[in-house]
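Novice: Coordinates in run.csv, CSV, C-alpha atoms and all ligand atoms, are listed below.
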chain,number,residue,atom,x,y,z
A,1,MET,CA,0.0,0.0,0.0
A,2,ARG,CA,1.3,3.5,-0.9
A,3,SER,CA,1.8,6.0,1.8
A,4,PHE,CA,-0.8,8.8,2.2
A,5,SER,CA,-1.5,11.7,4.5
A,6,TYR,CA,-4.5,11.6,6.9
A,7,GLN,CA,-6.5,14.6,8.0
A,8,ARG,CA,-9.6,14.7,10.2
A,9,ALA,CA,-12.2,17.3,9.2
A,10,SER,CA,-13.8,19.0,12.2
A,11,ASP,CA,-16.8,20.4,10.2
A,12,PRO,CA,-18.1,20.5,6.6
A,13,GLN,CA,-16.2,23.6,5.6
A,14,ALA,CA,-13.0,22.2,6.8
A,15,ALA,CA,-13.7,19.0,4.9
A,16,LEU,CA,-14.5,20.9,1.7
A,17,GLN,CA,-11.4,23.0,2.2
A,18,ALA,CA,-9.1,20.0,2.6
A,19,LEU,CA,-10.7,18.2,-0.4
A,20,ALA,CA,-10.5,21.3,-2.7
A,21,VAL,CA,-6.7,21.6,-2.4
A,22,THR,CA,-5.9,19.2,-5.2
A,23,ALA,CA,-9.2,18.9,-7.0
A,24,ALA,CA,-9.3,20.0,-10.7
A,25,ALA,CA,-12.7,20.1,-12.4
A,26,THR,CA,-11.6,17.7,-15.2
A,27,THR,CA,-10.2,15.0,-12.9
A,28,PRO,CA,-12.5,12.0,-12.6
A,29,LEU,CA,-13.7,11.8,-9.0
A,30,THR,CA,-12.1,8.5,-8.3
A,31,GLU,CA,-8.7,9.8,-9.5
A,32,ALA,CA,-8.7,12.9,-7.3
A,33,SER,CA,-5.6,12.9,-5.1
A,34,SER,CA,-7.7,13.9,-2.0
A,35,GLN,CA,-10.6,11.5,-1.1
A,36,PRO,CA,-13.1,11.6,1.7
A,37,LEU,CA,-12.9,8.7,4.1
A,38,ALA,CA,-16.1,7.4,5.6
A,39,GLY,CA,-16.3,3.7,6.7
A,40,GLY,CA,-13.3,2.9,4.5
A,41,THR,CA,-14.7,-0.5,3.4
A,42,THR,CA,-14.4,0.4,-0.3
A,43,LEU,CA,-11.7,3.0,-0.3
A,44,ILE,CA,-9.1,1.2,1.9
A,45,ASP,CA,-9.8,-2.1,0.2
A,46,LEU,CA,-9.1,-0.5,-3.2
A,47,MET,CA,-6.0,1.3,-1.9
A,48,LYS,CA,-4.6,-2.0,-0.6
A,49,LEU,CA,-5.2,-3.4,-4.1
A,50,ASP,CA,-3.4,-0.4,-5.6
A,51,VAL,CA,-6.5,0.4,-7.7
A,52,MET,CA,-7.1,3.7,-5.9
A,53,ARG,CA,-4.0,5.8,-5.1
A,54,PRO,CA,-5.1,9.0,-3.2
A,55,GLU,CA,-2.3,11.0,-1.6
A,56,ARG,CA,-4.5,12.4,1.2
A,57,LEU,CA,-7.6,11.0,3.0
A,58,VAL,CA,-9.9,13.5,4.6
A,59,ASP,CA,-11.8,11.7,7.4
A,60,ILE,CA,-15.4,13.0,7.4
A,61,ASN,CA,-16.6,10.9,10.4
A,62,PRO,CA,-16.6,13.9,12.8
A,63,LEU,CA,-19.4,15.3,10.7
A,64,ALA,CA,-21.7,12.5,11.8
A,65,GLY,CA,-23.4,14.7,14.4
A,66,ASN,CA,-25.3,16.4,11.6
A,67,TRP,CA,-24.9,14.0,8.8
A,68,ALA,CA,-26.0,10.7,10.3
A,69,GLN,CA,-29.6,11.4,11.1
A,70,VAL,CA,-32.6,9.1,10.2
A,71,ASP,CA,-35.5,11.5,10.2
A,72,LEU,CA,-39.1,10.6,9.4
A,73,ASP,CA,-40.6,14.0,9.7
A,74,GLY,CA,-44.0,15.0,8.4
A,75,GLY,CA,-44.2,11.8,6.4
A,76,ASN,CA,-41.0,12.4,4.4
A,77,LEU,CA,-37.7,10.5,5.1
A,78,LYS,CA,-34.3,12.1,5.4
A,79,LEU,CA,-31.2,9.9,5.6
A,80,GLY,CA,-27.8,11.4,6.5
A,81,ALA,CA,-24.8,10.3,4.3
A,82,LEU,CA,-22.9,9.2,7.4
A,83,ALA,CA,-25.7,7.0,8.8
A,84,HIS,CA,-24.4,3.4,9.0
A,85,MET,CA,-26.0,0.7,6.9
A,86,SER,CA,-26.9,-1.3,10.0
A,87,GLN,CA,-28.4,1.7,11.8
A,88,VAL,CA,-30.9,2.3,8.9
A,89,ALA,CA,-31.6,-1.4,8.2
A,90,GLY,CA,-32.6,-1.8,11.8
A,91,HIS,CA,-34.6,1.4,12.2
A,92,ALA,CA,-38.2,0.5,13.2
A,93,GLU,CA,-39.9,3.3,11.2
A,94,VAL,CA,-37.8,2.6,8.1
A,95,ARG,CA,-38.6,-1.1,8.3
A,96,GLN,CA,-42.3,-0.3,8.6
A,97,ASN,CA,-42.6,2.5,6.0
A,98,TYR,CA,-39.8,1.8,3.6
A,99,PRO,CA,-39.1,-2.0,3.7
A,100,VAL,CA,-37.3,-1.8,0.3
A,101,ILE,CA,-34.6,0.4,2.0
A,102,ALA,CA,-34.3,-1.8,5.1
A,103,ASP,CA,-34.1,-5.0,3.1
A,104,SER,CA,-31.6,-3.6,0.5
A,105,LEU,CA,-29.3,-2.8,3.3
A,106,LYS,CA,-29.9,-5.9,5.4
A,107,LEU,CA,-29.2,-8.2,2.4
A,108,ALA,CA,-25.9,-6.4,1.6
A,109,ALA,CA,-22.4,-7.3,2.8
A,110,SER,CA,-21.9,-8.7,6.3
A,111,PRO,CA,-22.9,-7.5,9.8
A,112,GLN,CA,-19.4,-6.2,10.5
A,113,LEU,CA,-19.3,-4.3,7.2
A,114,ARG,CA,-22.8,-2.9,7.7
A,115,ASN,CA,-21.6,-1.5,11.1
A,116,MET,CA,-18.7,0.3,9.5
A,117,ALA,CA,-20.1,1.3,6.1
A,118,THR,CA,-22.1,4.5,5.5
A,119,LEU,CA,-24.9,5.3,3.1
A,120,GLY,CA,-22.8,7.9,1.2
A,121,GLY,CA,-19.9,5.5,0.7
A,122,ASN,CA,-22.4,2.8,-0.3
A,123,VAL,CA,-23.7,4.6,-3.4
A,124,LEU,CA,-20.1,5.4,-4.4
A,125,GLN,CA,-18.9,1.8,-4.1
A,126,ARG,CA,-17.1,0.6,-7.2
A,127,THR,CA,-17.5,-2.4,-9.5
A,128,ARG,CA,-16.4,-5.9,-8.4
A,129,CYS,CA,-15.2,-6.6,-12.0
A,130,SER,CA,-12.1,-8.8,-11.2
A,131,TYR,CA,-10.1,-7.3,-14.1
A,132,PHE,CA,-10.7,-3.8,-12.6
A,133,ARG,CA,-9.7,-5.0,-9.1
A,134,ASP,CA,-6.5,-6.8,-10.2
A,135,VAL,CA,-3.9,-4.3,-11.4
A,136,SER,CA,-1.9,-7.1,-13.1
A,137,TYR,CA,-4.4,-6.9,-15.9
A,138,ALA,CA,-3.4,-4.0,-18.2
A,139,GLU,CA,-6.7,-3.9,-20.1
A,140,CYS,CA,-9.3,-2.0,-18.2
A,141,ASN,CA,-10.8,1.2,-19.6
A,142,LYS,CA,-12.2,2.1,-16.2
A,143,ARG,CA,-8.9,1.9,-14.3
A,144,ASN,CA,-6.7,2.8,-17.2
A,145,PRO,CA,-8.6,4.7,-19.9
A,146,GLY,CA,-7.9,3.7,-23.5
A,147,SER,CA,-6.3,0.3,-22.5
A,148,GLY,CA,-9.2,-1.9,-23.6
A,149,CYS,CA,-11.6,-4.2,-21.7
A,150,ALA,CA,-10.4,-7.7,-20.6
A,151,ALA,CA,-13.9,-8.7,-19.6
A,152,MET,CA,-15.5,-8.4,-23.1
A,153,ASP,CA,-13.9,-11.6,-24.2
A,154,GLY,CA,-12.8,-12.8,-20.8
A,155,PHE,CA,-14.8,-14.4,-18.0
A,156,ASN,CA,-17.9,-12.2,-17.8
A,157,ARG,CA,-20.4,-14.2,-15.7
A,158,MET,CA,-20.9,-11.4,-13.2
A,159,HIS,CA,-21.1,-8.6,-15.8
A,160,ALA,CA,-23.9,-6.4,-17.0
A,161,VAL,CA,-26.5,-7.1,-19.7
A,162,LEU,CA,-28.1,-3.6,-19.6
A,163,GLY,CA,-26.4,-0.1,-20.0
A,164,THR,CA,-23.1,-1.5,-21.4
A,165,SER,CA,-20.9,0.2,-23.9
A,166,HIS,CA,-18.1,-0.9,-26.3
A,167,GLN,CA,-15.7,0.4,-23.6
A,168,CYS,CA,-17.0,-1.3,-20.4
A,169,ILE,CA,-19.6,-3.9,-19.3
A,170,ALA,CA,-18.9,-3.8,-15.5
A,171,THR,CA,-21.9,-4.2,-13.2
A,172,TYR,CA,-22.8,-1.7,-10.6
A,173,PRO,CA,-22.7,-4.0,-7.5
A,174,GLY,CA,-24.7,-2.2,-4.7
A,175,ASP,CA,-28.2,-2.8,-3.4
A,176,PHE,CA,-29.3,0.4,-1.6
A,177,ALA,CA,-29.1,2.5,-4.7
A,178,GLN,CA,-31.9,0.5,-6.4
A,179,ALA,CA,-34.1,1.2,-3.4
A,180,LEU,CA,-33.4,4.9,-3.6
A,181,ILE,CA,-34.4,4.8,-7.3
A,182,ALA,CA,-37.6,2.9,-6.7
A,183,LEU,CA,-38.5,5.6,-4.2
A,184,ASP,CA,-37.6,8.5,-6.5
A,185,ALA,CA,-35.2,9.8,-3.9
A,186,ALA,CA,-33.2,13.0,-4.1
A,187,ILE,CA,-29.5,13.1,-3.3
A,188,GLU,CA,-28.1,16.2,-1.4
A,189,ILE,CA,-24.7,17.4,-2.3
A,190,THR,CA,-22.5,20.0,-0.6
A,191,SER,CA,-19.7,21.9,-2.3
A,192,LYS,CA,-17.8,25.1,-1.8
A,193,SER,CA,-20.4,26.9,-3.9
A,194,GLY,CA,-23.2,25.7,-1.5
A,195,PRO,CA,-25.7,22.8,-1.2
A,196,ARG,CA,-27.6,21.4,-4.1
A,197,SER,CA,-30.2,18.6,-4.5
A,198,MET,CA,-30.9,16.4,-7.6
A,199,SER,CA,-32.8,13.3,-8.5
A,200,PHE,CA,-30.8,10.2,-7.4
A,201,ALA,CA,-31.7,8.5,-10.7
A,202,GLU,CA,-29.5,11.0,-12.5
A,203,PHE,CA,-26.5,10.5,-10.1
A,204,HIS,CA,-24.8,7.5,-11.7
A,205,ARG,CA,-23.4,7.7,-15.2
A,206,ALA,CA,-23.5,4.8,-17.7
A,207,PRO,CA,-20.0,4.0,-19.0
A,208,GLY,CA,-20.4,5.2,-22.6
A,209,ASP,CA,-17.0,6.4,-23.8
A,210,THR,CA,-15.7,7.4,-20.3
A,211,PRO,CA,-16.1,4.5,-17.9
A,212,ALA,CA,-13.7,6.1,-15.4
A,213,ILE,CA,-16.4,8.7,-14.7
A,214,GLU,CA,-19.0,6.9,-12.7
A,215,THR,CA,-21.2,9.6,-11.2
A,216,VAL,CA,-21.9,13.3,-11.6
A,217,LEU,CA,-20.2,14.1,-8.3
A,218,ALA,CA,-17.1,16.3,-8.9
A,219,PRO,CA,-13.8,16.2,-6.9
A,220,GLY,CA,-14.2,18.3,-3.8
A,221,GLU,CA,-17.9,17.7,-3.4
A,222,LEU,CA,-19.6,15.7,-0.6
A,223,ILE,CA,-22.8,13.8,-0.3
A,224,SER,CA,-24.6,15.0,2.8
A,225,GLY,CA,-27.8,12.9,2.6
A,226,PHE,CA,-30.8,11.6,0.8
A,227,ALA,CA,-34.5,12.6,0.8
A,228,ILE,CA,-37.6,10.6,0.0
A,229,ASP,CA,-41.1,12.1,-0.3
A,230,GLY,CA,-44.0,10.2,1.2
A,231,ARG,CA,-44.2,6.7,2.7
A,232,TRP,CA,-43.9,3.6,0.7
A,233,PRO,CA,-45.0,0.6,2.9
A,234,ARG,CA,-45.8,-1.5,-0.2
A,235,SER,CA,-42.2,-1.8,-1.3
A,236,VAL,CA,-39.9,-4.8,-1.7
A,237,TYR,CA,-36.3,-5.6,-2.4
A,238,LEU,CA,-35.6,-9.0,-3.8
A,239,LYS,CA,-32.0,-10.2,-4.3
A,240,VAL,CA,-30.8,-13.4,-5.9
A,241,ARG,CA,-27.1,-14.4,-5.5
A,242,ASP,CA,-24.8,-17.4,-5.6
A,243,ARG,CA,-25.2,-18.0,-1.8
A,244,GLN,CA,-27.7,-16.7,0.7
A,245,SER,CA,-25.4,-14.3,2.6
A,246,TYR,CA,-22.3,-12.1,2.1
A,247,GLU,CA,-22.6,-12.0,-1.7
A,248,PHE,CA,-23.3,-9.5,-4.4
A,249,ALA,CA,-26.5,-9.8,-6.5
A,250,LEU,CA,-26.7,-11.8,-9.7
A,251,ALA,CA,-30.0,-10.1,-10.2
A,252,SER,CA,-32.2,-7.9,-7.9
A,253,ALA,CA,-35.3,-5.8,-8.1
A,254,ALA,CA,-36.5,-2.9,-6.0
A,255,VAL,CA,-40.3,-2.4,-6.3
A,256,ALA,CA,-42.5,0.4,-4.9
A,257,LEU,CA,-46.2,0.3,-5.7
A,258,ASP,CA,-49.2,2.5,-4.9
A,259,LEU,CA,-52.4,0.5,-5.2
A,260,GLN,CA,-55.9,1.8,-5.3
A,261,ASN,CA,-58.7,-0.8,-5.1
A,262,GLY,CA,-56.3,-3.4,-6.5
A,263,VAL,CA,-55.3,-1.2,-9.4
A,264,ILE,CA,-51.6,-0.1,-9.7
A,265,ASN,CA,-51.8,3.7,-9.5
A,266,ASP,CA,-48.1,4.2,-9.5
A,267,ALA,CA,-45.2,1.7,-10.0
A,268,ARG,CA,-41.4,2.2,-9.6
A,269,LEU,CA,-39.0,-0.5,-10.5
A,270,ALA,CA,-35.2,-0.6,-10.3
A,271,LEU,CA,-32.8,-3.4,-11.2
A,272,GLY,CA,-29.6,-4.5,-9.7
A,273,GLY,CA,-26.8,-7.0,-10.5
A,274,VAL,CA,-27.7,-6.8,-14.2
A,275,ALA,CA,-26.7,-3.2,-15.3
A,276,THR,CA,-23.8,-0.9,-15.4
A,277,VAL,CA,-25.6,1.6,-13.2
A,278,PRO,CA,-28.6,1.3,-10.8
A,279,TRP,CA,-31.2,0.8,-13.5
A,280,ARG,CA,-34.7,2.3,-13.5
A,281,ALA,CA,-37.0,0.1,-15.6
A,282,ARG,CA,-39.3,2.8,-16.9
A,283,GLU,CA,-40.7,0.6,-19.8
A,284,ALA,CA,-41.8,-2.0,-17.2
A,285,GLU,CA,-43.4,0.7,-15.0
A,286,ALA,CA,-45.5,1.9,-18.0
A,287,VAL,CA,-46.7,-1.6,-18.6
A,288,LEU,CA,-47.9,-1.8,-15.0
A,289,LYS,CA,-49.6,1.5,-14.5
A,290,GLY,CA,-53.5,1.5,-14.4
A,291,GLN,CA,-53.5,-2.4,-14.4
A,292,LYS,CA,-54.3,-5.1,-12.0
A,293,LEU,CA,-51.4,-7.5,-11.5
A,294,ASP,CA,-51.8,-11.1,-12.6
A,295,ASP,CA,-49.1,-13.6,-13.8
A,296,ALA,CA,-49.4,-12.5,-17.4
A,297,LEU,CA,-49.0,-8.8,-16.6
A,298,ALA,CA,-46.0,-9.6,-14.3
A,299,GLU,CA,-44.3,-11.4,-17.2
A,300,ARG,CA,-45.1,-8.6,-19.7
A,301,ALA,CA,-43.5,-6.1,-17.3
A,302,ALA,CA,-40.4,-8.4,-16.8
A,303,ASP,CA,-40.1,-8.7,-20.6
A,304,ALA,CA,-40.3,-5.0,-21.0
A,305,ALA,CA,-37.6,-4.5,-18.3
A,306,PHE,CA,-35.1,-6.6,-20.3
A,307,ALA,CA,-36.2,-5.8,-23.8
A,308,ASP,CA,-32.8,-4.1,-24.6
A,309,ALA,CA,-30.6,-6.5,-22.6
A,310,ARG,CA,-27.6,-8.0,-24.3
A,311,GLY,CA,-26.0,-11.1,-23.0
A,312,ARG,CA,-22.4,-12.3,-23.5
A,313,GLN,CA,-20.7,-15.6,-23.4
A,314,HIS,CA,-21.1,-16.3,-19.6
A,315,ASN,CA,-23.8,-13.9,-18.4
A,316,ALA,CA,-26.7,-14.4,-20.8
A,317,PHE,CA,-28.4,-16.4,-18.0
A,318,LYS,CA,-29.0,-13.1,-16.2
A,319,ILE,CA,-31.7,-12.1,-18.7
A,320,ALA,CA,-33.9,-15.0,-17.8
A,321,LEU,CA,-33.0,-14.8,-14.2
A,322,GLY,CA,-33.6,-11.1,-14.0
A,323,LYS,CA,-37.1,-11.5,-15.5
A,324,ARG,CA,-38.0,-14.0,-12.9
A,325,VAL,CA,-36.8,-11.8,-10.2
A,326,VAL,CA,-38.9,-8.9,-11.5
A,327,ALA,CA,-42.1,-10.9,-11.8
A,328,HIS,CA,-41.6,-12.5,-8.3
A,329,ALA,CA,-40.8,-9.1,-6.7
A,330,LEU,CA,-44.0,-7.6,-8.2
A,331,LYS,CA,-46.1,-10.5,-6.9
A,332,LYS,CA,-44.5,-10.2,-3.5
A,333,ALA,CA,-45.3,-6.4,-3.4
A,334,ILE,CA,-48.9,-7.0,-4.4
A,335,ALA,CA,-49.3,-9.7,-1.7
A,336,MET,CA,-48.1,-7.5,1.1
A,337,GLU,CA,-50.7,-6.8,3.8
A,338,ILE,CA,-50.6,-3.1,4.5
A,401,LIG,C1,-16.6,-8.1,1.2
A,401,LIG,C2,-17.6,-7.1,0.8
A,401,LIG,C3,-18.9,-7.4,0.5
A,401,LIG,C4,-19.8,-6.4,0.2
A,401,LIG,N1,-21.1,-6.8,-0.2
A,401,LIG,C5,-22.0,-5.8,-0.6
A,401,LIG,C6,-23.3,-6.2,-1.0
A,401,LIG,O1,-23.7,-7.3,-1.0
A,401,LIG,N2,-24.1,-5.1,-1.3
A,401,LIG,C7,-23.7,-3.8,-1.2
A,401,LIG,O2,-24.5,-2.9,-1.5
A,401,LIG,N3,-22.5,-3.5,-0.9
A,401,LIG,C8,-21.6,-4.5,-0.5
A,401,LIG,N4,-20.3,-4.1,-0.2
A,401,LIG,C9,-19.9,-2.7,-0.3
A,401,LIG,C10,-20.1,-1.9,1.0
A,401,LIG,O3,-21.5,-1.8,1.2
A,401,LIG,C11,-19.4,-0.6,0.7
A,401,LIG,O4,-18.0,-0.8,0.7
A,401,LIG,C12,-19.8,0.4,1.7
A,401,LIG,O5,-21.2,0.7,1.7
A,401,LIG,C13,-19.0,1.7,1.5
A,401,LIG,O6,-19.3,2.6,2.5
A,401,LIG,P1,-18.0,3.3,3.3
A,401,LIG,O7,-18.6,4.2,4.3
A,401,LIG,O8,-17.2,2.2,3.9
A,401,LIG,O9,-17.3,4.0,2.2
A,401,LIG,P2,-15.8,4.4,2.0
A,401,LIG,O10,-15.0,3.2,1.6
A,401,LIG,O11,-15.3,5.2,3.1
A,401,LIG,O12,-15.9,5.3,0.7
A,401,LIG,C14,-16.2,4.9,-0.6
A,401,LIG,C15,-16.0,6.0,-1.6
A,401,LIG,O13,-17.0,7.0,-1.4
A,401,LIG,C16,-16.3,8.2,-1.0
A,401,LIG,N5,-17.2,8.8,0.0
A,401,LIG,C17,-17.6,8.2,1.2
A,401,LIG,N6,-18.5,9.0,1.8
A,401,LIG,C18,-18.7,10.1,1.0
A,401,LIG,C19,-19.5,11.3,1.1
A,401,LIG,N7,-20.3,11.5,2.1
A,401,LIG,N8,-19.4,12.2,0.2
A,401,LIG,C20,-18.5,12.1,-0.9
A,401,LIG,N9,-17.8,11.0,-1.1
A,401,LIG,C21,-17.8,10.0,-0.1
A,401,LIG,C22,-14.9,7.9,-0.6
A,401,LIG,O14,-14.0,8.9,-0.8
A,401,LIG,C23,-14.7,6.6,-1.4
A,401,LIG,O15,-14.2,7.0,-2.7
A,401,LIG,C24,-19.4,-5.1,0.2
A,401,LIG,C25,-18.1,-4.7,0.6
A,401,LIG,C26,-17.2,-5.7,0.9
A,401,LIG,C27,-15.8,-5.3,1.3
A,402,LIG,S1,-15.7,-4.4,-17.7
A,402,LIG,FE1,-15.1,-2.3,-17.3
A,402,LIG,S2,-14.1,-2.5,-15.3
A,402,LIG,FE2,-14.2,-4.6,-16.2
A,402,LIG,S3,-12.3,-4.8,-17.4
A,402,LIG,FE3,-13.8,-4.0,-18.7
A,402,LIG,S4,-13.4,-1.8,-18.6
A,402,LIG,FE4,-12.5,-2.6,-16.8
Do you think you could lay out the structure here as structure tokens?
Specialist:
Amino acid sequence: MRSFSYQRASDPQAALQALAVTAAATTPLTEASSQPLAGGTTLIDLMKLDVMRPERLVDINPLAGNWAQVDLDGGNLKLGALAHMSQVAGHAEVRQNYPVIADSLKLAASPQLRNMATLGGNVLQRTRCSYFRDVSYAECNKRNPGSGCAAMDGFNRMHAVLGTSHQCIATYPGDFAQALIALDAAIEITSKSGPRSMSFAEFHRAPGDTPAIETVLAPGELISGFAIDGRWPRSVYLKVRDRQSYEFALASAAVALDLQNGVINDARLALGGVATVPWRAREAEAVLKGQKLDDALAERAADAAFADARGRQHNAFKIALGKRVVAHALKKAIAMEI
């Protein structure tokens, strides 16, 4: 592991100041020489692997006093970026009103990791593509722009079938982001020019020609929290993986439904494990709205969700699997007793 300097930020301004020192607007966030340190479960891991090489870590944990809240005020939910995954997964009101959030967090990683890891760090976790994580492979456009992609013709069983480009087919590995998308959440960002808020669905960037740029967050900016309007008790997170715990998704679905007299008034659906970014399945949502769910409708929605999917040598199974996960998650959401 390379040497780095460590600085503890006493407040948001001090953190922004420390991060701004070496941040140029054109530098991909992940290449910035100063990086915020939250739980460290992604960042330190990737530094040990020599994939990320920051010169300075700015510890933002002292900001937890204001940035770790879980607030269900007036029927809207606020989640601080420094709240721990375990804290939110176990929160009684979150479990009751937003089961999709609680389950997406509970089904992720391990208890020890969930105790360390924060929500802000979670949405910035990086792909588990083994060619990306192993620097002995020269070909990786995400890690080494312009070098090629070893996964295209390599072992690509875990890779994406949606949102891929000719440059990168790496899967976005997280679970919580799909829940945020299904709930139409906003993400709150703080920078030296002040706070801003945007739709979380616009936060991640598909690889396109620049796979090294993964989100719209710029160097020197911080995530302060997430906001969700309304309560979504009829919401579900379903995750299928190679083993039942401590494993990333092969395919997952986050579903939030608003039912009126058995008819789907509003439907939000996000997919995980199958796409390069947390994937909102708008075509499937359109199929569902104004309808009563039965097996045929669930299958039509699942087909719509994967209409543009492209499988490769080892991952084509994800298309059939993903469709089954979507149909099953929809039926589970409908069957919930609210
Ligand atoms: C073995 C293992 C298994 C895992 N399994 C799963 C799984 O099944 N599902 C899943 O969803 N996740 C899984 N994870 C990922 C884990 O959830 C993330 O590593 C964790 O959530 C990251 O949070 P952190 O606070 O530790 O982030 P850090 O490692 O501290 O930070 C991650 C990145 O985000 C930046 N950052 C952190 N906070 C902020 C902020 N507030 N503003 C701006 N930038 C910030 C850091 O600079 C860094 O670049 C797994 C991880 C491991 C190691
Ligand atoms: S899929 Fe993306 S991350 Fe993996 S080797 Fe190819 S370019 Fe790198």
Novice: Give the answer as one residue: which of A:Trp232, A:Pro195, A:Leu49, A:Asp11 has the shortest atom-to-atom distance to Gly65 in chain A, using only C-alpha atoms?
Specialist: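 The answer is A:Asp11, which sits nearest to Gly65 in chain A.
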Novice: From the options A:Pro28, A:Gly322, A:Gly40, A:Gly220, which residue's atoms come nearest to Ala117 in chain A, counting all atoms listed in the file?
Specialist: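 The answer is A:Gly40, which sits nearest to Ala117 in chain A.
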Novice: Find the residues of range 236-285 of chain A that sit at most 12 Å from range 182-186 of chain A; for each, write down the nearest two atoms and how far apart they are in Å, to one decimal. Count all atoms listed in the file. Sort by chain, then by number going up, and give it as a tab-separated table.
Specialist:
residue	atom	partner	partner_atom	distance
A:Val236	CA	A:Ala182	CA	9.5
A:Tyr237	CA	A:Ala182	CA	9.6
A:Ala253	CA	A:Ala182	CA	9.1
A:Ala254	CA	A:Ala182	CA	5.9
A:Val255	CA	A:Ala182	CA	6.0
A:Ala256	CA	A:Ala182	CA	5.8
A:Leu257	CA	A:Ala182	CA	9.0
A:Asp258	CA	A:Leu183	CA	11.2
A:Asp266	CA	A:Ala182	CA	10.9
A:Ala267	CA	A:Ala182	CA	8.4
A:Arg268	CA	A:Ala182	CA	4.8
A:Leu269	CA	A:Ala182	CA	5.3
A:Ala270	CA	A:Ala182	CA	5.6
A:Leu271	CA	A:Ala182	CA	9.1
A:Gly272	CA	A:Ala182	CA	11.3
A:Pro278	CA	A:Ala182	CA	10.0
A:Trp279	CA	A:Ala182	CA	9.6
A:Arg280	CA	A:Ala182	CA	7.4
A:Ala281	CA	A:Ala182	CA	9.3
A:Arg282	CA	A:Ala182	CA	10.3
A:Glu285	CA	A:Ala182	CA	10.4
Novice: Counting all atoms listed in the file, note down every residue that has an atom within 10 Å of the point (-50.4, -5.9, -2.3) (file coordinates), as JSON, numbers by chain.
Specialist: {"A": [233, 234, 235, 257, 258, 259, 260, 262, 263, 264, 293, 330, 331, 332, 333, 334, 335, 336, 337, 338]}
Novice: Dump the neighbourhood of ligand LIG 401 (chain A) as a PyMOL selection string: all residues within 8 Å, distances computed on all atoms listed in the file.
Specialist: chain A and resi 29-30+35-45+57+60+81-82+84-85+104-105+107-110+113-114+116-126+173-177+189+217+221-225+246-249
Novice: List as a list in words the protein and nucleic acid residues lying within 7 Å of ligand LIG 402 (chain A), with all atoms listed in the file counted.
Specialist: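 I would give the residues around ligand LIG 402 (chain A) as Thr127, Cys129, Ser130, Tyr131, Phe132, Glu139, Cys140, Asn141, Lys142, Arg143, Gly148, Cys149, Ala150, Ala151, Met152, Gln167, Cys168, Ile169, Ala170 and Pro211 of chain A.
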Novice: Keeping C-alpha atoms for every residue in the selection just given, could you write it to a file as a short mmCIF file (atom, residue, chain, number, x, y, z; two decimals), keeping the file's coordinate frame?
Specialist:
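The result, written out as again-v3.cif:
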data_model
loop_
_atom_site.label_atom_id
_atom_site.label_comp_id
_atom_site.auth_asym_id
_atom_site.auth_seq_id
_atom_site.Cartn_x
_atom_site.Cartn_y
_atom_site.Cartn_z
CA THR A 127 -17.50 -2.40 -9.50
CA CYS A 129 -15.20 -6.60 -12.00
CA SER A 130 -12.10 -8.80 -11.20
CA TYR A 131 -10.10 -7.30 -14.10
CA PHE A 132 -10.70 -3.80 -12.60
CA GLU A 139 -6.70 -3.90 -20.10
CA CYS A 140 -9.30 -2.00 -18.20
CA ASN A 141 -10.80 1.20 -19.60
CA LYS A 142 -12.20 2.10 -16.20
CA ARG A 143 -8.90 1.90 -14.30
CA GLY A 148 -9.20 -1.90 -23.60
CA CYS A 149 -11.60 -4.20 -21.70
CA ALA A 150 -10.40 -7.70 -20.60
CA ALA A 151 -13.90 -8.70 -19.60
CA MET A 152 -15.50 -8.40 -23.10
CA GLN A 167 -15.70 0.40 -23.60
CA CYS A 168 -17.00 -1.30 -20.40
CA ILE A 169 -19.60 -3.90 -19.30
CA ALA A 170 -18.90 -3.80 -15.50
CA PRO A 211 -16.10 4.50 -17.90
#
Novice: Pick out the residues sitting within 8 Å of Phe4 in chain A, and hand them over as a PDB file with C-alpha atoms, in the frame of the given file; count all atoms listed in the file, and ignore anything fewer than 3 positions along from it in its own chain.
Specialist:
ATOM      1  CA  PRO A  54      -5.100   9.000  -3.200  1.00  0.00           C
ATOM      2  CA  GLU A  55      -2.300  11.000  -1.600  1.00  0.00           C
ATOM      3  CA  ARG A  56      -4.500  12.400   1.200  1.00  0.00           C
ATOM      4  CA  LEU A  57      -7.600  11.000   3.000  1.00  0.00           C
TER       5      LEU A  57
END
Novice: Closest to Val51 in chain A among A:Ala218, A:Val277, A:Ile319, A:Ala212, using all atoms listed in the file?
Specialist: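 Ranking A:Ala218, A:Val277, A:Ile319, A:Ala212 by distance to Val51 in chain A, first place goes to A:Ala212.
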Novice: For a quick check of understanding, using only C-alpha atoms, which of A:Pro207, A:Gly90, A:Gly194, A:Gly290 has the smallest distance to Ala160 in chain A?
Specialist: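 Selected residue with least distance to Ala160 in chain A: A:Pro207.
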Novice: Between CA of Gly146 in chain A and CA of Val216 in chain A, what is the distance in Å, rounded to a tenth?
Specialist: 20.7 Å
Novice: Which residue out of A:Arg95, A:Arg196, A:Val326, A:Met1 has the minimum interatomic distance to Asp295 in chain A when all atoms listed in the file are used?
Specialist: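 Of A:Arg95, A:Arg196, A:Val326, A:Met1, the one nearest Asp295 in chain A, counting all atoms listed in the file, is A:Val326.
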Novice: State, in Å with one decimal place, the distance from CA of Phe226 in chain A to CA of Asp59 in chain A.
Specialist: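 So the two atoms, CA of Phe226 in chain A and CA of Asp59 in chain A, lie 20.1 Å apart.
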Novice: To one decimal in Å, tell me the separation between CA of Ala201 in chain A and CA of Ile181 in chain A.
Specialist: 5.7 Å
Novice: Counting all atoms listed in the file, which residues of range 103-187 of chain A fall within 10 Å of range 307-318 of chain A, and what is the closest atom pair for each with its distance in Å at one decimal, ordered by chain and rising number, as a tab-separated table?
Specialist:
residue	atom	partner	partner_atom	distance
A:Met152	CA	A:Arg312	CA	7.9
A:Asp153	CA	A:Gln313	CA	7.9
A:Gly154	CA	A:Gln313	CA	8.8
A:Phe155	CA	A:His314	CA	6.8
A:Asn156	CA	A:His314	CA	5.5
A:Arg157	CA	A:Asn315	CA	4.4
A:Met158	CA	A:Asn315	CA	6.5
A:His159	CA	A:Asn315	CA	6.5
A:Ala160	CA	A:Asn315	CA	7.6
A:Val161	CA	A:Arg310	CA	4.8
A:Leu162	CA	A:Ala309	CA	4.9
A:Gly163	CA	A:Ala309	CA	8.1
A:Thr164	CA	A:Arg310	CA	8.4
A:Ile169	CA	A:Arg312	CA	9.8
